[in-house]
Each structure stands twice: as C-alpha cells, then as structure tokens.
Amino acid sequence: MMKKLKPALLVGLLGLLGASTASAENIRLRIASGHPSVNTYVNLMQNFFVPEVSKRVAERTQHKVEFVEGYGGSMVKVADTLEGVQSGLIDIGGYCFCFEASNLPLNAFQVMLPFGTMNSEISVKLARTVYDKVPALSKVFEDKYNQQLIALISDNGYNLGTTFEWNNISELKGKKIAGAGLNLKWLEYAGVTPVQSTLPEGYTSFQTGVYNGWVMFPSAWVNFKFYEVAKNYTEIGFGAITWHGLTINKNRMAKLPKDVQAIIIEVAKEFEAKTGTVNQENYPKQIAQLKTLGVNVKSVPDSVKLDWANSLKDWPQAMANDLDARGMPGSLVLKTTLEEAEKMGHKWPVRYVIK
C-alpha cells in the first residue's frame with residue numbers, strides 16, 4: 001500500500017505543480033514580409049515555418065504559439081522590413097538585403113561575384129559556410145539592428161527576362177532593364193540602363209514601358225505572371241543568390257521561454273535548407289512551365305556569358321576595396337566565397353582576383 005504523503009511534502013508538490021502550470025504561456029508572434037506569398041520563401045514562411053513552430057511548441061512544451069501573419073506589404077513594405085523588426089513593429093521578418101544597401105552592404109556578397117553557382121542548394125550552403133567563417137556577417141544584425149538572423153534564404157537562379165529577343169550583349173546596350181540593389185551593377189557594366197524595381201510593381205511597370213526587361217529568376221516570371229507582358233526568358237546563369245534572411249527581434253526572442261527559442265532556431269535551420277531544395281526542385285519545372293505559357297525560353301552560348309563576366313572582372317575587387325575602406329571585411333568575405341565555391345565544385349567563367 002502506498003504511504004500517505006506528509007502534509008509539508010504534499011504542499012511542496014502542489015506548489016511545484018502550480019508554478020509549472022503558471023509558467024505556461026500563450027505566445028503571439030507577428031511575422032511578415034513585404035513580398036507576397038507567391039514568392040517561394042514567403043510561401044515557405046507561411047506553409048512551413050509558421051505551422052511547424054506552432055506544432056512543435058504545442059507538442060514539446062507547455063506553451064502555445066499563435067502567429068499573426070502579414071505578407072505582401074500588409075504590415076511592412078519590402079524596403080522597410082529590417083526597420084520593422086528592429087523597432088518591434090513585427091517580431092519576425094523575411095526580406096531581401098538588396099533593399100538595405102546602406103545598412104547591410106556586406107551581406108549581398110554573393111551578388112558581388114556574378115556567374116556563381118546556379119544550384120540553389122549549393123548557394124545557401126555556400127552562404128552558410130561563409131557566414132560561419134566570418135561572424136561579422138551575422139553580428140551586424142544584433143549589434144546595429146536589434147535582431148537575430150535565424151535563417152538565410154536562397155533564390156533560384158538569376159537569368160534575364162525581356163520584352164524583346166536578344167543574342168549578344170551589344171543588343172542590350174541602352175535598353176532599360178530592372179534589377180534590385182547591387183545586381184543593377186551587372187547591367188551597368190554591360191552598357192544597359194539599370195532601373196531599380198520591386199516584384200510587386202513589376203507587372204505594371206512592364207505594361208507601361210518603365211523598363212523592357214528584368215534580371216530575375218524563373219519563379220518570379222511564373223508566379224507574378226510576367227510571362228504575359230514579357231515573352232522572352234534567356235538563361236544566362238548569373239547565379240542563384242542567397243541574399244535574403246529571416247530575422248527575429250532580439251528583445252522579443254530574449255523574452256521567449258528557452259524551449260520555444262530552441263524550436264524557433266531548429267525550424268529556422270530547416271527552413272533555410274528548404275529555400276535551397278525547393279528552389280532547386282522548382283527551377284526546371286518553372287522553365288518548362290514558361291515554355292508551355294508561350295514564352296521564348298533559350299540559352300545563350302558560353303561566349304556571351306564569358307563576354308559579360310569579362311565586363312565585370314574588376315568589379316569584385318572594387319567592391320572589396322570599398323567595403324574594406326568602410327571597416328568591413330570585404331576582401332575576406334569575397335575571397336572566402338570564391339574559394340569555398342570552388343571546393344563545392346563551381347568553376348567561374350572568369351576567376352575574379354581579390355588581393
């Protein structure tokens with residue numbers, strides 16, 4: 001027969017139980033992106049990150065997480081997401097570093113090395129390797145912008161979509177082509193007239209002739225229906241770029257229970273990998289889909305890619321010098337990226353030299 005518990009012990013056990021129950025939290029987190037959910041990474045925020053965090057917290061802790069979601073600019077615009085997380089307007093934000101040229105200049109380092117890998121899985125692994133080797137890339141979010149970078153985000157491979165057909169660089173000179181942030185330099189060096197733009201405004205801008213092309217990955221051509229207004233998509237292989245991130249407000253993260261923090265980090269790591277695998281799986285499907293939608297999809301000869309890469313051969317060193325002069329490890333980051341990409345099997349059409 002079980003012995004009766006002494007009154008003092010019983011009171012103590014009940015107290016512990018009460019304390020445990022009292023510590024259970026109903027947590028509300030605001031998550032947002034200026035991009036809509038047709039963007040691959042935003043779709044993964046909505047359909048993987050949010051439900052997985054909610055499910056795992058419910059299954060493995062005594063807490064409950066409820067997300068308030070705002071995509072497509074309903075809470076923050078594409079160029080305001082970093083500030084939205086910094087101020088606490090939102091708790092978690094997904095955004096492109098391309099819109100933070102003055103705040104996060106170094107974090108767009110893959111763009112500074114055009115014609116990198118077109119494999120999205122390798123791109124995000126490469127970026128993670130460089131981030132791990134150069135802690136300054138992550139620390140800037142915490143030290144300057146009151147947030148923690150919890151995941152890197154890869155796009156699928158960048159090519160060039162246009163309203164007109166072209167076969168060599170000379171046919172692009174003077175044409176108005178859109179881009180975002182630093183990839184405008186890819187165009188400028190080739191004699192193209194670069195135009196800063198964002199995906200949500202792209203369709204109308206094509207219709208009204210603001211520009212006649214865009215440096216863009218095929219998922220956007222499909223999901224934003226650019227195929228209706230720009231019927232040419234040329235695979236030139238600028239590279240799959242990892243220059244988006246998922247961040248969480250530092251103060252909000254610190255206030256969360258430790259077990260919830262651990263789950264957020266765990267799911268964010270899986271989310272990061274999925275941005276690579278999903279984009280890599282989707283790329284050939286989207287290229288095939290564009291063809292069925294009546295788009296003239298073609299590749300250019302390696303000689304055209306080589307010409308374009310040669311026009312940019314001095315640019316990475318110029319970027320490294322500028323970043324170094326501003327107190328950032330630009331040369332270190334670009335050298336590391338070049339070397340690590342080669343270890344992963346990539347061959348640069350022009351091997352950029354960083355002194």
# chains A, B, ... in the order shown; residues from 1 in each chain; ligands from 1

$ residues_around --residues "Tyr352 of chain A" --least-positions-apart "6" --cutoff "12 Å" --atoms "only C-alpha atoms" --output "list in words"
Met112, Leu113, Pro114, Phe115, Gly116, Ala309, Asn310, Ser311, Leu312, Lys313, Asp314, Trp315, Pro316, Gln317, Ala318, Met319, Ala320, Ser331, Leu334, Lys335, Thr337, Leu338, Glu339 and Glu342 of chain A

$ closest_atom_pairs --of "segment 55-154 of chain A" --to "segment 169-188 of chain A" --cutoff "8 Å" --atoms "only C-alpha atoms" --output "Markdown table"
| residue | atom | partner | partner_atom | distance |
| --- | --- | --- | --- | --- |
| A:Cys98 | CA | A:Gly181 | CA | 4.7 |
| A:Phe99 | CA | A:Gly181 | CA | 6.1 |
| A:Ala101 | CA | A:Gly181 | CA | 6.6 |
| A:Ala108 | CA | A:Leu182 | CA | 7.6 |
| A:Val111 | CA | A:Asn183 | CA | 6.2 |
| A:Met112 | CA | A:Leu182 | CA | 7.5 |
| A:Pro114 | CA | A:Trp186 | CA | 7.5 |

$ residues_around --residues "segment 25-29 of chain A" --least-positions-apart "5" --cutoff "6 Å" --atoms "only C-alpha atoms" --output "list in words"
His63, Lys64, Val65, Glu66, Phe67 and Asp91 of chain A

$ residues_around --residues "Lys285 of chain A" --least-positions-apart "5" --cutoff "12 Å" --atoms "only C-alpha atoms" --output "mmCIF file with N, CA, C and O atoms, in the first residue's frame"
data_model
loop_
_atom_site.group_PDB
_atom_site.id
_atom_site.type_symbol
_atom_site.label_atom_id
_atom_site.label_comp_id
_atom_site.auth_asym_id
_atom_site.auth_seq_id
_atom_site.Cartn_x
_atom_site.Cartn_y
_atom_site.Cartn_z
ATOM 1 N N ASN A 156 16.068 31.026 -56.610
ATOM 2 C CA ASN A 156 16.597 30.175 -57.672
ATOM 3 C C ASN A 156 17.363 31.032 -58.663
ATOM 4 O O ASN A 156 17.502 32.234 -58.475
ATOM 5 N N PRO A 218 13.285 32.378 -62.577
ATOM 6 C CA PRO A 218 12.062 31.946 -63.272
ATOM 7 C C PRO A 218 10.829 31.858 -62.386
ATOM 8 O O PRO A 218 9.709 32.025 -62.873
ATOM 9 N N SER A 219 11.015 31.622 -61.086
ATOM 10 C CA SER A 219 9.833 31.524 -60.217
ATOM 11 C C SER A 219 9.032 32.821 -60.246
ATOM 12 O O SER A 219 7.792 32.797 -60.239
ATOM 13 N N VAL A 222 7.002 33.167 -63.448
ATOM 14 C CA VAL A 222 5.777 32.360 -63.401
ATOM 15 C C VAL A 222 4.779 32.946 -62.409
ATOM 16 O O VAL A 222 3.630 33.243 -62.749
ATOM 17 N N VAL A 278 13.810 23.547 -52.331
ATOM 18 C CA VAL A 278 12.559 23.841 -53.049
ATOM 19 C C VAL A 278 12.842 24.651 -54.310
ATOM 20 O O VAL A 278 12.308 24.355 -55.386
ATOM 21 N N ASN A 279 13.683 25.665 -54.198
ATOM 22 C CA ASN A 279 14.021 26.453 -55.383
ATOM 23 C C ASN A 279 14.752 25.614 -56.433
ATOM 24 O O ASN A 279 14.514 25.771 -57.634
ATOM 25 N N GLN A 280 15.622 24.730 -55.969
ATOM 26 C CA GLN A 280 16.348 23.882 -56.909
ATOM 27 C C GLN A 280 15.411 22.900 -57.619
ATOM 28 O O GLN A 280 15.518 22.676 -58.824
ATOM 29 N N LEU A 290 7.180 27.916 -68.300
ATOM 30 C CA LEU A 290 7.261 29.115 -69.121
ATOM 31 C C LEU A 290 7.114 28.775 -70.602
ATOM 32 O O LEU A 290 6.447 29.497 -71.356
ATOM 33 N N LYS A 291 7.714 27.686 -71.004
ATOM 34 C CA LYS A 291 7.609 27.267 -72.405
ATOM 35 C C LYS A 291 6.168 26.956 -72.771
ATOM 36 O O LYS A 291 5.690 27.338 -73.857
ATOM 37 N N THR A 292 5.444 26.284 -71.869
ATOM 38 C CA THR A 292 4.040 25.953 -72.150
ATOM 39 C C THR A 292 3.164 27.199 -72.156
ATOM 40 O O THR A 292 2.075 27.199 -72.739
#

$ residues_around --residues "segment 144-154 of chain A" --least-positions-apart "5" --cutoff "6 Å" --atoms "only C-alpha atoms" --output "PDB file with N, CA, C and O atoms, in the first residue's frame"
ATOM      1  N   GLN A  86      13.460  45.730 -36.303  1.00  0.00           N
ATOM      2  CA  GLN A  86      14.291  46.500 -35.369  1.00  0.00           C
ATOM      3  C   GLN A  86      13.441  47.228 -34.329  1.00  0.00           C
ATOM      4  O   GLN A  86      13.756  47.225 -33.135  1.00  0.00           O
ATOM      5  N   VAL A 124      22.890  28.260 -50.873  1.00  0.00           N
ATOM      6  CA  VAL A 124      22.583  28.517 -49.466  1.00  0.00           C
ATOM      7  C   VAL A 124      23.603  27.834 -48.555  1.00  0.00           C
ATOM      8  O   VAL A 124      23.968  28.376 -47.494  1.00  0.00           O
ATOM      9  N   ILE A 241      21.357  33.275 -55.917  1.00  0.00           N
ATOM     10  CA  ILE A 241      21.914  34.178 -54.901  1.00  0.00           C
ATOM     11  C   ILE A 241      21.204  33.999 -53.561  1.00  0.00           C
ATOM     12  O   ILE A 241      19.974  33.968 -53.497  1.00  0.00           O
ATOM     13  N   THR A 242      21.985  33.877 -52.514  1.00  0.00           N
ATOM     14  CA  THR A 242      21.430  33.854 -51.152  1.00  0.00           C
ATOM     15  C   THR A 242      21.668  35.239 -50.554  1.00  0.00           C
ATOM     16  O   THR A 242      22.765  35.539 -50.070  1.00  0.00           O
ATOM     17  N   HIS A 244      18.668  36.956 -49.023  1.00  0.00           N
ATOM     18  CA  HIS A 244      17.518  37.257 -48.172  1.00  0.00           C
ATOM     19  C   HIS A 244      17.796  36.639 -46.797  1.00  0.00           C
ATOM     20  O   HIS A 244      18.640  35.758 -46.664  1.00  0.00           O
ATOM     21  N   GLY A 245      17.050  37.082 -45.815  1.00  0.00           N
ATOM     22  CA  GLY A 245      17.181  36.497 -44.491  1.00  0.00           C
ATOM     23  C   GLY A 245      15.886  36.536 -43.719  1.00  0.00           C
ATOM     24  O   GLY A 245      14.959  37.293 -44.050  1.00  0.00           O
ATOM     25  N   LEU A 246      15.806  35.692 -42.705  1.00  0.00           N
ATOM     26  CA  LEU A 246      14.692  35.677 -41.756  1.00  0.00           C
ATOM     27  C   LEU A 246      15.276  36.089 -40.411  1.00  0.00           C
ATOM     28  O   LEU A 246      16.226  35.466 -39.924  1.00  0.00           O
ATOM     29  N   THR A 247      14.747  37.161 -39.842  1.00  0.00           N
ATOM     30  CA  THR A 247      15.285  37.665 -38.574  1.00  0.00           C
ATOM     31  C   THR A 247      14.175  37.796 -37.539  1.00  0.00           C
ATOM     32  O   THR A 247      12.995  37.912 -37.873  1.00  0.00           O
ATOM     33  N   ILE A 248      14.597  37.783 -36.266  1.00  0.00           N
ATOM     34  CA  ILE A 248      13.649  37.956 -35.167  1.00  0.00           C
ATOM     35  C   ILE A 248      14.161  39.068 -34.250  1.00  0.00           C
ATOM     36  O   ILE A 248      15.368  39.199 -34.021  1.00  0.00           O
ATOM     37  N   ASN A 249      13.250  39.883 -33.772  1.00  0.00           N
ATOM     38  CA  ASN A 249      13.591  40.973 -32.862  1.00  0.00           C
ATOM     39  C   ASN A 249      14.303  40.413 -31.624  1.00  0.00           C
ATOM     40  O   ASN A 249      13.836  39.454 -31.006  1.00  0.00           O
ATOM     41  N   LYS A 250      15.447  40.975 -31.280  1.00  0.00           N
ATOM     42  CA  LYS A 250      16.277  40.457 -30.186  1.00  0.00           C
ATOM     43  C   LYS A 250      15.558  40.503 -28.841  1.00  0.00           C
ATOM     44  O   LYS A 250      15.622  39.552 -28.051  1.00  0.00           O
ATOM     45  N   ALA A 268      13.912  27.218 -38.075  1.00  0.00           N
ATOM     46  CA  ALA A 268      14.547  28.184 -38.982  1.00  0.00           C
ATOM     47  C   ALA A 268      15.681  27.533 -39.768  1.00  0.00           C
ATOM     48  O   ALA A 268      15.864  27.809 -40.962  1.00  0.00           O
ATOM     49  N   GLU A 272      15.760  27.300 -43.753  1.00  0.00           N
ATOM     50  CA  GLU A 272      16.904  27.745 -44.551  1.00  0.00           C
ATOM     51  C   GLU A 272      17.262  26.709 -45.617  1.00  0.00           C
ATOM     52  O   GLU A 272      17.415  27.036 -46.802  1.00  0.00           O
ATOM     53  N   THR A 275      14.717  26.516 -48.489  1.00  0.00           N
ATOM     54  CA  THR A 275      14.759  27.560 -49.525  1.00  0.00           C
ATOM     55  C   THR A 275      15.693  27.139 -50.658  1.00  0.00           C
ATOM     56  O   THR A 275      15.488  27.516 -51.811  1.00  0.00           O
ATOM     57  N   GLY A 276      16.705  26.355 -50.318  1.00  0.00           N
ATOM     58  CA  GLY A 276      17.598  25.825 -51.345  1.00  0.00           C
ATOM     59  C   GLY A 276      16.982  24.668 -52.112  1.00  0.00           C
ATOM     60  O   GLY A 276      16.927  24.685 -53.347  1.00  0.00           O
TER      61      GLY A 276
END

$ select_by_dssp --residues "segment 85-228 of chain A" --states "strand (DSSP E)" --output "VMD selection string"
chain A and resid 92 to 96 147 to 154 158 to 162 176 to 179 193 to 196 213 to 216

$ write_last_selection --atoms "C-alpha atoms" --output "short mmCIF file (atom, residue, chain, number, x, y, z; two decimals), in the first residue's frame"
data_model
loop_
_atom_site.label_atom_id
_atom_site.label_comp_id
_atom_site.auth_asym_id
_atom_site.auth_seq_id
_atom_site.Cartn_x
_atom_site.Cartn_y
_atom_site.Cartn_z
CA ILE A 92 9.89 38.11 -37.32
CA GLY A 93 10.58 39.40 -40.82
CA GLY A 94 11.68 37.92 -44.13
CA TYR A 95 13.37 40.32 -46.54
CA CYS A 96 15.97 40.87 -49.22
CA GLN A 147 17.59 41.48 -34.33
CA GLN A 148 18.94 37.98 -34.72
CA LEU A 149 19.45 36.38 -38.11
CA ILE A 150 17.85 32.94 -37.78
CA ALA A 151 17.85 31.78 -41.41
CA LEU A 152 19.42 32.56 -44.75
CA ILE A 153 17.20 32.41 -47.83
CA SER A 154 18.23 31.37 -51.33
CA TYR A 158 19.00 34.58 -61.95
CA ASN A 159 18.65 35.00 -65.71
CA LEU A 160 17.32 37.77 -67.93
CA GLY A 161 13.68 38.15 -68.97
CA THR A 162 12.80 40.74 -71.63
CA LYS A 176 16.06 49.75 -69.74
CA ILE A 177 16.38 46.66 -67.57
CA ALA A 178 15.20 46.33 -63.97
CA GLY A 179 17.02 44.88 -61.01
CA THR A 193 20.35 51.30 -68.48
CA PRO A 194 19.55 49.91 -65.00
CA VAL A 195 16.24 50.63 -63.26
CA GLN A 196 15.62 49.90 -59.58
CA GLY A 213 13.46 43.53 -69.03
CA TRP A 214 14.49 42.28 -65.63
CA VAL A 215 17.34 40.33 -64.08
CA MET A 216 15.13 37.72 -62.48
#

$ closest_residue --among "A:Phe217, A:Phe141, A:Glu165, A:Ser299" --to "Glu83 of chain A" --atoms "only C-alpha atoms"
A:Phe141

$ residues_around --residues "Val304 of chain A" --least-positions-apart "6" --cutoff "9 Å" --atoms "only C-alpha atoms" --output "PyMOL selection string"
chain A and resi 167-169+236

$ write_last_selection --atoms "C-alpha atoms" --output "PDB file, in the first residue's frame"
ATOM      1  CA  ASN A 167      21.513  37.168 -78.706  1.00  0.00           C
ATOM      2  CA  ASN A 168      24.550  39.174 -77.598  1.00  0.00           C
ATOM      3  CA  ILE A 169      25.420  41.949 -75.168  1.00  0.00           C
ATOM      4  CA  ILE A 236      22.462  33.255 -68.978  1.00  0.00           C
TER       5      ILE A 236
END

$ atom_distance --atom1 "atom CA of Asn282 of chain A" --atom2 "atom CA of Ser303 of chain A"
27.1 Å

$ closest_residue --among "A:Thr117, A:Asn232, A:Gln110, A:Ser197" --to "Val78 of chain A" --atoms "only C-alpha atoms"
A:Ser197

$ atom_distance --atom1 "atom CA of Glu59 of chain A" --atom2 "atom CA of Lys258 of chain A"
15.1 Å

$ select_by_dssp --residues "segment 76-314 of chain A" --states "helix (DSSP H, G or I)" --output "JSON, numbers by chain"
{"A": [81, 82, 83, 84, 85, 86, 87, 97, 98, 99, 106, 107, 108, 109, 110, 111, 112, 120, 121, 122, 123, 124, 125, 126, 127, 128, 129, 130, 131, 132, 133, 136, 137, 138, 139, 140, 141, 142, 143, 144, 145, 169, 170, 171, 172, 181, 182, 183, 184, 185, 186, 187, 188, 199, 200, 201, 202, 203, 204, 205, 206, 207, 208, 218, 219, 220, 221, 222, 223, 226, 227, 228, 250, 251, 252, 253, 254, 255, 258, 259, 260, 261, 262, 263, 264, 265, 266, 267, 268, 269, 270, 271, 272, 273, 274, 275, 276, 277, 278, 279, 280, 281, 282, 283, 284, 285, 286, 287, 288, 289, 290, 291, 292, 302, 303, 304, 305, 306, 307, 308, 309, 310, 311]}

$ residues_around --residues "segment 130-136 of chain A" --least-positions-apart "6" --cutoff "8 Å" --atoms "only C-alpha atoms" --output "count of residues only"
5

$ decode --residues "segment 56-114 of chain A" --atoms "C-alpha atoms" --output "PDB file, in the first residue's frame"
ATOM      1  CA  ARG A  56       6.366  21.614 -32.259  1.00  0.00           C
ATOM      2  CA  VAL A  57       5.791  24.118 -29.465  1.00  0.00           C
ATOM      3  CA  ALA A  58       2.380  22.531 -28.767  1.00  0.00           C
ATOM      4  CA  GLU A  59       3.802  19.010 -28.863  1.00  0.00           C
ATOM      5  CA  ARG A  60       7.019  19.526 -26.924  1.00  0.00           C
ATOM      6  CA  THR A  61       6.348  22.335 -24.459  1.00  0.00           C
ATOM      7  CA  GLN A  62       3.587  23.546 -22.197  1.00  0.00           C
ATOM      8  CA  HIS A  63       3.290  26.735 -24.243  1.00  0.00           C
ATOM      9  CA  LYS A  64       1.233  27.725 -27.245  1.00  0.00           C
ATOM     10  CA  VAL A  65       2.325  29.966 -30.128  1.00  0.00           C
ATOM     11  CA  GLU A  66      -0.110  31.922 -32.263  1.00  0.00           C
ATOM     12  CA  PHE A  67       1.224  33.735 -35.320  1.00  0.00           C
ATOM     13  CA  VAL A  68      -0.249  36.918 -36.725  1.00  0.00           C
ATOM     14  CA  GLU A  69       0.822  36.893 -40.368  1.00  0.00           C
ATOM     15  CA  GLY A  70       1.207  39.821 -42.742  1.00  0.00           C
ATOM     16  CA  TYR A  71       2.560  39.247 -46.235  1.00  0.00           C
ATOM     17  CA  GLY A  72       2.560  41.276 -49.416  1.00  0.00           C
ATOM     18  CA  GLY A  73       3.187  44.574 -47.659  1.00  0.00           C
ATOM     19  CA  SER A  74       0.180  44.395 -45.326  1.00  0.00           C
ATOM     20  CA  MET A  75       2.414  45.008 -42.286  1.00  0.00           C
ATOM     21  CA  VAL A  76       5.744  46.130 -43.777  1.00  0.00           C
ATOM     22  CA  LYS A  77       6.915  47.079 -47.259  1.00  0.00           C
ATOM     23  CA  VAL A  78       9.846  45.307 -48.922  1.00  0.00           C
ATOM     24  CA  ALA A  79      12.301  48.090 -48.078  1.00  0.00           C
ATOM     25  CA  ASP A  80      11.024  48.583 -44.523  1.00  0.00           C
ATOM     26  CA  THR A  81      11.179  45.079 -43.069  1.00  0.00           C
ATOM     27  CA  LEU A  82      14.562  45.402 -41.357  1.00  0.00           C
ATOM     28  CA  GLU A  83      13.320  48.541 -39.612  1.00  0.00           C
ATOM     29  CA  GLY A  84      10.032  46.812 -38.794  1.00  0.00           C
ATOM     30  CA  VAL A  85      11.858  44.041 -36.941  1.00  0.00           C
ATOM     31  CA  GLN A  86      14.291  46.500 -35.369  1.00  0.00           C
ATOM     32  CA  SER A  87      11.527  48.629 -33.874  1.00  0.00           C
ATOM     33  CA  GLY A  88       9.376  45.688 -32.797  1.00  0.00           C
ATOM     34  CA  LEU A  89       6.558  46.601 -35.166  1.00  0.00           C
ATOM     35  CA  ILE A  90       6.853  42.950 -36.210  1.00  0.00           C
ATOM     36  CA  ASP A  91       8.622  40.142 -34.360  1.00  0.00           C
ATOM     37  CA  ILE A  92       9.894  38.110 -37.324  1.00  0.00           C
ATOM     38  CA  GLY A  93      10.578  39.398 -40.825  1.00  0.00           C
ATOM     39  CA  GLY A  94      11.684  37.916 -44.131  1.00  0.00           C
ATOM     40  CA  TYR A  95      13.369  40.316 -46.539  1.00  0.00           C
ATOM     41  CA  CYS A  96      15.969  40.865 -49.223  1.00  0.00           C
ATOM     42  CA  PHE A  97      19.243  42.510 -48.300  1.00  0.00           C
ATOM     43  CA  CYS A  98      19.092  44.081 -51.763  1.00  0.00           C
ATOM     44  CA  PHE A  99      16.882  46.808 -50.289  1.00  0.00           C
ATOM     45  CA  GLU A 100      19.374  47.518 -47.485  1.00  0.00           C
ATOM     46  CA  ALA A 101      22.391  48.646 -49.486  1.00  0.00           C
ATOM     47  CA  SER A 102      23.423  51.214 -46.876  1.00  0.00           C
ATOM     48  CA  ASN A 103      22.574  49.122 -43.796  1.00  0.00           C
ATOM     49  CA  LEU A 104      23.752  45.669 -44.912  1.00  0.00           C
ATOM     50  CA  PRO A 105      26.234  46.244 -47.752  1.00  0.00           C
ATOM     51  CA  LEU A 106      28.414  43.226 -46.982  1.00  0.00           C
ATOM     52  CA  ASN A 107      25.532  40.758 -46.757  1.00  0.00           C
ATOM     53  CA  ALA A 108      24.933  40.973 -50.502  1.00  0.00           C
ATOM     54  CA  PHE A 109      28.357  39.418 -51.111  1.00  0.00           C
ATOM     55  CA  GLN A 110      27.201  36.685 -53.498  1.00  0.00           C
ATOM     56  CA  VAL A 111      25.872  39.355 -55.845  1.00  0.00           C
ATOM     57  CA  MET A 112      29.384  40.826 -55.980  1.00  0.00           C
ATOM     58  CA  LEU A 113      30.569  37.595 -57.603  1.00  0.00           C
ATOM     59  CA  PRO A 114      28.241  37.133 -60.611  1.00  0.00           C
TER      60      PRO A 114
END
